[in-house]
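S.K.: Coordinates in target-v5.cif, mmCIF, C-alpha atoms, are listed below.
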```
data_entry
loop_
_atom_site.group_PDB
_atom_site.id
_atom_site.type_symbol
_atom_site.label_atom_id
_atom_site.label_comp_id
_atom_site.auth_asym_id
_atom_site.auth_seq_id
_atom_site.Cartn_x
_atom_site.Cartn_y
_atom_site.Cartn_z
ATOM 1 C CA VAL A 18 -9.687 3.366 -8.692
ATOM 2 C CA GLY A 19 -6.902 3.790 -11.230
ATOM 3 C CA ALA A 20 -3.350 2.663 -11.851
ATOM 4 C CA SER A 21 -1.689 5.899 -10.758
ATOM 5 C CA GLY A 22 -0.431 4.433 -7.459
ATOM 6 C CA ALA A 23 1.300 1.601 -9.335
ATOM 7 C CA ILE A 24 2.752 4.088 -11.845
ATOM 8 C CA PHE A 25 4.233 6.100 -8.990
ATOM 9 C CA GLY A 26 5.610 2.831 -7.628
ATOM 10 C CA LEU A 27 7.473 2.301 -10.918
ATOM 11 C CA LEU A 28 8.753 5.864 -10.725
ATOM 12 C CA GLY A 29 10.052 5.302 -7.199
ATOM 13 C CA GLY A 30 11.628 1.985 -8.229
ATOM 14 C CA SER A 31 13.393 3.686 -11.147
ATOM 15 C CA LEU A 32 14.800 6.307 -8.796
ATOM 16 C CA ALA A 33 16.059 3.589 -6.444
ATOM 17 C CA ALA A 34 17.625 1.700 -9.369
ATOM 18 C CA VAL A 35 19.687 4.781 -10.283
ATOM 19 C CA ILE A 36 20.932 5.117 -6.702
ATOM 20 C CA GLN A 37 21.782 1.423 -6.318
ATOM 21 C CA ASN A 38 23.510 1.112 -9.734
ATOM 22 C CA TRP A 39 25.179 4.521 -9.826
ATOM 23 C CA PRO A 40 28.473 3.499 -11.506
ATOM 24 C CA LEU A 41 26.642 1.766 -14.364
ATOM 25 C CA TYR A 42 25.115 5.010 -15.676
ATOM 26 C CA ASN A 43 26.988 7.315 -18.031
ATOM 27 C CA ARG A 44 25.365 10.390 -16.506
ATOM 28 C CA PRO A 45 23.734 9.279 -13.247
ATOM 29 C CA TRP A 46 23.117 12.824 -11.970
ATOM 30 C CA LEU A 47 21.068 13.611 -15.065
ATOM 31 C CA ALA A 48 18.934 10.484 -14.658
ATOM 32 C CA LEU A 49 18.494 11.197 -10.942
ATOM 33 C CA CYS A 50 17.423 14.810 -11.555
ATOM 34 C CA GLN A 51 15.001 13.827 -14.317
ATOM 35 C CA LEU A 52 13.259 11.207 -12.180
ATOM 36 C CA ALA A 53 13.237 13.346 -9.032
ATOM 37 C CA CYS A 54 11.800 16.379 -10.860
ATOM 38 C CA SER A 55 9.166 14.240 -12.552
ATOM 39 C CA ALA A 56 8.120 12.689 -9.230
ATOM 40 C CA ALA A 57 8.045 16.027 -7.408
ATOM 41 C CA PHE A 58 6.013 17.717 -10.151
ATOM 42 C CA SER A 59 3.494 14.863 -10.273
ATOM 43 C CA LEU A 60 3.090 14.800 -6.488
ATOM 44 C CA VAL A 61 2.534 18.575 -6.419
ATOM 45 C CA LEU A 62 -0.165 18.219 -9.082
ATOM 46 C CA GLY A 63 -1.751 15.591 -6.866
ATOM 47 C CA THR A 64 -2.514 18.208 -4.201
ATOM 48 C CA MET A 65 -5.535 19.278 -6.258
ATOM 49 C CA PRO A 66 -8.944 18.172 -4.901
ATOM 50 C CA MET A 67 -10.615 14.931 -5.999
ATOM 51 C CA VAL A 68 -7.189 13.281 -6.538
ATOM 52 C CA ASP A 69 -5.977 10.515 -4.225
ATOM 53 C CA ASN A 70 -2.450 11.817 -3.715
ATOM 54 C CA ILE A 71 -2.010 9.617 -0.639
ATOM 55 C CA ALA A 72 -2.113 6.595 -2.983
ATOM 56 C CA HIS A 73 0.493 8.314 -5.175
ATOM 57 C CA PHE A 74 2.762 9.056 -2.227
ATOM 58 C CA PHE A 75 2.398 5.589 -0.720
ATOM 59 C CA GLY A 76 2.966 3.896 -4.105
ATOM 60 C CA PHE A 77 6.077 5.986 -4.722
ATOM 61 C CA SER A 78 7.429 5.217 -1.241
ATOM 62 C CA ILE A 79 6.835 1.459 -1.516
ATOM 63 C CA GLY A 80 8.337 1.398 -5.027
ATOM 64 C CA PHE A 81 11.418 3.305 -3.870
ATOM 65 C CA LEU A 82 12.007 1.119 -0.799
ATOM 66 C CA ALA A 83 11.405 -2.122 -2.692
ATOM 67 C CA GLY A 84 13.642 -0.884 -5.508
ATOM 68 C CA LEU A 85 16.499 -0.357 -3.075
ATOM 69 C CA GLY A 86 16.240 -3.995 -2.075
ATOM 70 C CA LEU A 87 15.539 -5.629 -5.443
ATOM 71 C CA LEU A 88 16.839 -3.542 -8.349
ATOM 72 C CA THR A 89 20.579 -4.126 -8.023
ATOM 73 C CA LEU A 90 23.119 -5.246 -10.621
ATOM 74 C CA PRO A 91 26.623 -6.688 -10.017
ATOM 75 C CA ILE A 92 29.338 -4.047 -9.544
ATOM 76 C CA ASP A 93 33.072 -4.778 -9.154
ATOM 77 C CA SER A 94 33.621 -2.748 -6.035
ATOM 78 C CA ARG A 95 33.826 -4.162 -2.518
ATOM 79 C CA ARG A 96 33.150 -0.809 -0.860
ATOM 80 C CA ARG A 97 30.205 -0.125 -3.133
ATOM 81 C CA SER A 98 28.843 -3.645 -2.604
ATOM 82 C CA CYS A 99 28.898 -3.149 1.170
ATOM 83 C CA SER A 100 26.936 0.098 1.015
ATOM 84 C CA ARG A 101 24.492 -1.388 -1.482
ATOM 85 C CA GLY A 102 23.973 -4.408 0.756
ATOM 86 C CA THR A 103 23.113 -2.149 3.683
ATOM 87 C CA LEU A 104 20.614 -0.206 1.564
ATOM 88 C CA GLN A 105 19.119 -3.483 0.326
ATOM 89 C CA VAL A 106 18.463 -4.766 3.835
ATOM 90 C CA LEU A 107 17.121 -1.455 5.137
ATOM 91 C CA GLY A 108 14.972 -0.934 2.039
ATOM 92 C CA MET A 109 13.359 -4.367 2.224
ATOM 93 C CA ILE A 110 12.658 -4.061 5.959
ATOM 94 C CA ALA A 111 11.130 -0.606 5.508
ATOM 95 C CA ALA A 112 9.065 -1.757 2.499
ATOM 96 C CA TYR A 113 7.723 -4.724 4.476
ATOM 97 C CA LEU A 114 6.778 -2.551 7.466
ATOM 98 C CA ALA A 115 5.144 0.076 5.225
ATOM 99 C CA PHE A 116 3.151 -2.624 3.429
ATOM 100 C CA ILE A 117 1.895 -4.067 6.734
ATOM 101 C CA ALA A 118 0.984 -0.556 7.938
ATOM 102 C CA GLY A 119 -0.998 0.021 4.737
ATOM 103 C CA LEU A 120 -2.916 -3.225 5.190
ATOM 104 C CA MET A 121 -3.712 -2.330 8.796
ATOM 105 C CA ALA A 122 -4.937 1.130 7.765
ATOM 106 C CA LEU A 123 -7.219 -0.361 5.094
ATOM 107 C CA TYR A 124 -8.470 -3.537 6.762
ATOM 108 C CA GLY A 125 -7.217 -3.607 10.346
ATOM 109 C CA GLY A 126 -9.266 -0.794 11.815
ATOM 110 C CA TRP A 127 -6.442 1.731 12.075
ATOM 111 C CA ASP A 128 -7.606 5.327 11.718
ATOM 112 C CA ALA A 129 -4.852 6.857 9.613
ATOM 113 C CA TYR A 130 -6.158 10.394 10.161
ATOM 114 C CA ALA A 131 -6.100 9.917 13.938
ATOM 115 C CA LEU A 132 -2.538 8.540 13.837
ATOM 116 C CA CYS A 133 -1.331 11.284 11.493
ATOM 117 C CA PRO A 134 -3.673 14.312 11.535
ATOM 118 C CA GLU A 135 -1.422 16.295 9.184
ATOM 119 C CA CYS A 136 -1.251 13.556 6.544
ATOM 120 C CA GLY A 137 -4.427 14.882 4.932
ATOM 121 C CA LYS A 138 -2.356 17.780 3.598
ATOM 122 C CA ILE A 139 -0.538 15.321 1.331
ATOM 123 C CA SER A 140 -3.743 14.733 -0.589
ATOM 124 C CA CYS A 141 -4.972 18.312 -0.980
ATOM 125 C CA ILE A 142 -3.589 21.795 -0.298
ATOM 126 C CA PRO A 143 -5.506 25.009 -1.110
ATOM 127 C CA PHE A 144 -3.788 26.958 -3.884
ATOM 128 C CA PRO A 145 -2.174 29.492 -4.049
ATOM 129 C CA TRP A 146 -0.467 28.181 -0.934
ATOM 130 C CA GLY A 147 -1.339 30.201 2.141
ATOM 131 C CA CYS A 148 -4.588 31.631 0.702
ATOM 132 C CA ASP A 149 -7.530 32.275 3.015
ATOM 133 C CA THR A 150 -10.162 29.610 2.349
ATOM 134 C CA ASP A 151 -12.798 31.662 4.208
ATOM 135 C CA GLU A 152 -12.455 34.541 1.749
ATOM 136 C CA PRO A 153 -14.537 34.065 -1.439
ATOM 137 C CA LYS A 154 -12.465 33.409 -4.585
ATOM 138 C CA ALA A 155 -9.183 33.783 -2.677
ATOM 139 C CA CYS A 156 -8.145 30.207 -3.527
ATOM 140 C CA TRP A 157 -8.190 28.444 -6.868
ATOM 141 C CA TRP A 158 -9.581 25.344 -5.155
ATOM 142 C CA ASP A 159 -10.832 24.376 -1.715
ATOM 143 C CA CYS A 160 -9.967 21.106 0.026
ATOM 144 C CA SER A 161 -12.880 21.066 2.456
ATOM 145 C CA LEU A 162 -15.169 18.048 2.341
ATOM 146 C CA CYS A 163 -18.035 20.519 2.567
ATOM 147 C CA SER A 164 -17.193 21.829 -0.904
ATOM 148 C CA HIS A 165 -16.943 18.421 -2.618
ATOM 149 C CA THR A 166 -19.509 16.280 -0.772
ATOM 150 C CA PRO A 167 -23.273 16.409 -1.404
ATOM 151 C CA LEU A 168 -24.750 18.023 1.696
ATOM 152 C CA SER A 169 -28.223 17.748 3.169
ATOM 153 C CA ALA A 170 -29.892 19.751 5.908
ATOM 154 C CA GLN A 171 -33.249 20.159 7.631
ATOM 155 C CA ILE A 172 -34.455 23.620 8.548
ATOM 156 C CA HIS A 173 -36.988 24.415 11.285
ATOM 157 C CA TRP A 174 -38.154 27.710 12.733
ATOM 158 C CA VAL A 175 -40.265 28.917 15.642
ATOM 159 C CA GLY A 176 -42.630 31.754 14.785
ATOM 160 C CA THR A 177 -40.558 33.405 12.052
ATOM 161 C CA THR A 178 -37.674 32.310 9.840
ATOM 162 C CA HIS A 179 -35.395 34.670 11.781
ATOM 163 C CA ASN A 180 -35.487 32.206 14.689
ATOM 164 C CA GLY A 181 -34.472 29.045 12.865
ATOM 165 C CA THR A 182 -32.552 25.858 13.486
ATOM 166 C CA VAL A 183 -30.457 24.106 10.818
ATOM 167 C CA THR A 184 -29.449 20.466 11.208
ATOM 168 C CA ILE A 185 -26.624 19.621 8.793
ATOM 169 C CA ARG A 186 -25.370 16.151 7.882
ATOM 170 C CA CYS A 187 -21.669 16.878 8.315
ATOM 171 C CA PRO A 188 -19.223 14.753 6.287
ATOM 172 C CA VAL A 189 -16.655 12.984 8.477
ATOM 173 C CA LEU A 190 -13.647 10.886 7.479
ATOM 174 C CA SER A 191 -13.150 7.896 9.763
ATOM 175 C CA GLY A 192 -10.155 5.805 8.723
ATOM 176 C CA SER A 193 -10.555 5.053 5.020
ATOM 177 C CA GLU A 194 -14.337 5.474 5.041
ATOM 178 C CA ALA A 195 -16.588 8.522 4.828
ATOM 179 C CA ASP A 196 -19.522 8.967 7.156
ATOM 180 C CA PHE A 197 -21.989 11.664 8.157
ATOM 181 C CA ARG A 198 -22.913 13.123 11.540
ATOM 182 C CA ASN A 199 -25.885 15.356 12.342
ATOM 183 C CA TYR A 200 -24.978 18.762 13.790
ATOM 184 C CA SER A 201 -27.484 21.437 14.831
ATOM 185 C CA ILE A 202 -27.047 25.221 14.604
ATOM 186 C CA TRP A 203 -29.381 27.528 16.579
ATOM 187 C CA PRO A 204 -30.475 30.310 16.517
ATOM 188 C CA LEU A 205 -30.031 31.240 12.857
ATOM 189 C CA ASP A 206 -31.786 33.409 10.314
ATOM 190 C CA VAL A 207 -32.866 30.945 7.614
ATOM 191 C CA THR A 208 -34.826 33.412 5.476
ATOM 192 C CA SER A 209 -32.323 33.522 2.607
ATOM 193 C CA LEU A 210 -30.460 30.258 3.140
ATOM 194 C CA ASP A 211 -29.196 28.773 -0.130
ATOM 195 C CA SER A 212 -26.691 26.117 -1.241
ATOM 196 C CA SER A 213 -23.634 28.388 -0.907
ATOM 197 C CA SER A 214 -24.754 29.388 2.589
ATOM 198 C CA LEU A 215 -25.064 25.713 3.461
ATOM 199 C CA VAL A 216 -21.452 25.084 2.421
ATOM 200 C CA GLY A 217 -20.337 28.026 4.569
ATOM 201 C CA LEU A 218 -22.278 26.724 7.577
ATOM 202 C CA CYS A 219 -20.699 23.299 7.096
ATOM 203 C CA LYS A 220 -17.175 24.775 7.061
ATOM 204 C CA HIS A 221 -17.667 26.899 10.169
ATOM 205 C CA HIS A 222 -19.876 24.720 12.367
ATOM 206 C CA CYS A 223 -19.245 21.065 11.531
ATOM 207 C CA PRO A 224 -16.875 19.218 13.894
ATOM 208 C CA ASP A 225 -13.372 18.209 12.882
ATOM 209 C CA MET A 226 -14.055 16.349 9.627
ATOM 210 C CA THR A 227 -10.935 14.173 9.668
ATOM 211 C CA ALA A 228 -11.207 12.625 13.125
ATOM 212 C CA HIS A 229 -13.468 10.481 15.255
ATOM 213 C CA ARG A 230 -16.051 13.026 16.341
ATOM 214 C CA SER A 231 -19.615 12.039 17.122
ATOM 215 C CA GLY A 232 -21.116 15.424 16.349
ATOM 216 C CA ARG A 233 -24.425 16.401 17.925
ATOM 217 C CA SER A 234 -27.686 14.836 16.941
ATOM 218 C CA SER A 235 -30.579 17.197 16.593
ATOM 219 C CA THR A 236 -33.466 16.917 19.032
ATOM 220 C CA PRO A 237 -36.839 18.010 17.638
ATOM 221 C CA ASN A 238 -38.411 20.928 19.465
ATOM 222 C CA PRO A 239 -42.148 20.358 20.050
ATOM 223 C CA PHE A 240 -42.740 24.124 19.840
ATOM 224 C CA GLU A 241 -41.156 24.478 16.388
ATOM 225 C CA ASP A 242 -43.184 25.391 13.332
ATOM 226 C CA THR A 243 -44.180 22.334 11.352
ATOM 227 C CA SER A 244 -42.950 23.902 8.081
ATOM 228 C CA MET A 245 -39.715 22.385 6.864
ATOM 229 C CA ILE A 246 -37.212 23.022 4.103
ATOM 230 C CA THR A 247 -34.761 20.344 3.041
ATOM 231 C CA THR A 248 -31.543 20.742 1.113
ATOM 232 C CA THR A 249 -30.030 17.707 -0.586
ATOM 233 C CA GLY A 250 -26.939 17.793 -2.747
ATOM 234 C CA ASN A 251 -26.723 21.582 -2.261
ATOM 235 C CA LEU A 252 -30.198 22.092 -3.751
ATOM 236 C CA LEU A 253 -32.856 24.022 -1.841
ATOM 237 C CA GLY A 254 -36.542 23.199 -2.121
ATOM 238 C CA PRO A 255 -39.685 22.596 -0.099
ATOM 239 C CA ALA A 256 -40.111 19.277 1.637
#
```
Write out the structure in this file as structure tokens.

M.R.:
Amino acid sequence: VGASGAIFGLLGGSLAAVIQNWPLYNRPWLALCQLACSAAFSLVLGTMPMVDNIAHFFGFSIGFLAGLGLLTLPIDSRRRSCSRGTLQVLGMIAAYLAFIAGLMALYGGWDAYALCPECGKISCIPFPWGCDTDEPKACWWDCSLCSHTPLSAQIHWVGTTHNGTVTIRCPVLSGSEADFRNYSIWPLDVTSLDSSSLVGLCKHHCPDMTAHRSGRSSTPNPFEDTSMITTTGNLLGPA
């Protein structure tokens, strides 16, 4: 946990201060463009994997809304004062509601991914935009949990390794917490299964990884061969 969310809050508050105190700046458009470009560039960089861009976006939004309500200086203009007063009230109400929503998402049991399934794209987007994540080396980075979460799997087969069953511990995001669900794949040729194959199986066969999905628990087959191979953290080796 770092201070980046608070830093984005300061950036949003600075942008709101320019808007609320427009006549007090010598070149307000320049200040507005500088802050807006800086915020946009930083938020785009946050779409890389392993970066909590949702915290950046939420911090920027809260800072901007709170700044509209708090960061105002006296201006000798009745018309301007009226518009600023309206922005102050709306900004403070919106900031309060957003803060309560954040608390409910963290501690109140709200599943943010269920309420807003597309919000996960704020945190990570495959680049170049529009690339095919199923094609090897088509994207500079991959946003799938399968690519960035240590995976484990149990492999069974009946008779030969060409008639195998793989049970993967699929990563699942539930609210603000990560969990795992067992999911079985059968029949499957497990003769040459390696760590990269395991990631591919996770991407194609695991349930929706950003929603409440129970997955399917594996049921041992009494007729399966007793030999077993286990993969943990993308490493393959005998049990």

S.K.: What does the distance between atom CA of A:Gly217 and atom CA of A:Ile202 come to in Å, to one decimal place?

M.R.: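 Here the two named atoms are 12.4 Å from each other.
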
S.K.: What separation in Å, quoted to one decimal, exists between atom CA of A:Ala56 and atom CA of A:Gly29?

M.R.: 7.9 Å

S.K.: Give me, as a Markdown table, the closest atom pair and its distance (Å, one decimal) for every residue of stretch 73-145 of chain A within a cut-off of 7 Å of stretch 32-50 of chain A, counting only C-alpha atoms, rows sorted by chain and rising number.

M.R.:
```
| residue | atom | partner | partner_atom | distance |
| --- | --- | --- | --- | --- |
| A:Phe81 | CA | A:Ala33 | CA | 5.3 |
| A:Gly84 | CA | A:Ala33 | CA | 5.2 |
| A:Leu85 | CA | A:Ala33 | CA | 5.2 |
| A:Leu88 | CA | A:Ala34 | CA | 5.4 |
| A:Thr89 | CA | A:Gln37 | CA | 5.9 |
| A:Leu90 | CA | A:Asn38 | CA | 6.4 |
| A:Arg101 | CA | A:Gln37 | CA | 6.2 |
```

S.K.: Output C-alpha atoms for every residue in the selection just made, as a short mmCIF file (atom, residue, chain, number, x, y, z; two decimals), in the frame of the given file.

M.R.:
```
data_model
loop_
_atom_site.label_atom_id
_atom_site.label_comp_id
_atom_site.auth_asym_id
_atom_site.auth_seq_id
_atom_site.Cartn_x
_atom_site.Cartn_y
_atom_site.Cartn_z
CA PHE A 81 11.42 3.30 -3.87
CA GLY A 84 13.64 -0.88 -5.51
CA LEU A 85 16.50 -0.36 -3.08
CA LEU A 88 16.84 -3.54 -8.35
CA THR A 89 20.58 -4.13 -8.02
CA LEU A 90 23.12 -5.25 -10.62
CA ARG A 101 24.49 -1.39 -1.48
#
```

S.K.: Got a sec: who's within 7 Å of A:Ile79, counting all atoms listed in the file, leaving out chain neighbours fewer than 3 positions off, as a ChimeraX atom specification?

M.R.: /A:26,75-76,82-83,112

S.K.: Run the PyMOL selection byres ((chain A and resi 203) around 12) mentally over the shown coordinates, then write out the matched residues as JSON, numbers by chain, using the chain letters and numbers from the document.

M.R.: {"A": [172, 173, 174, 175, 178, 179, 180, 181, 182, 183, 184, 185, 200, 201, 202, 204, 205, 206, 207, 218, 222, 235, 236, 238]}

S.K.: Just say which residues the PyMOL selection byres ((chain A and resi 186) around 8) picks in this file, as a PyMOL selection string.

M.R.: chain A and resi 168-170+184-185+187-188+197-200
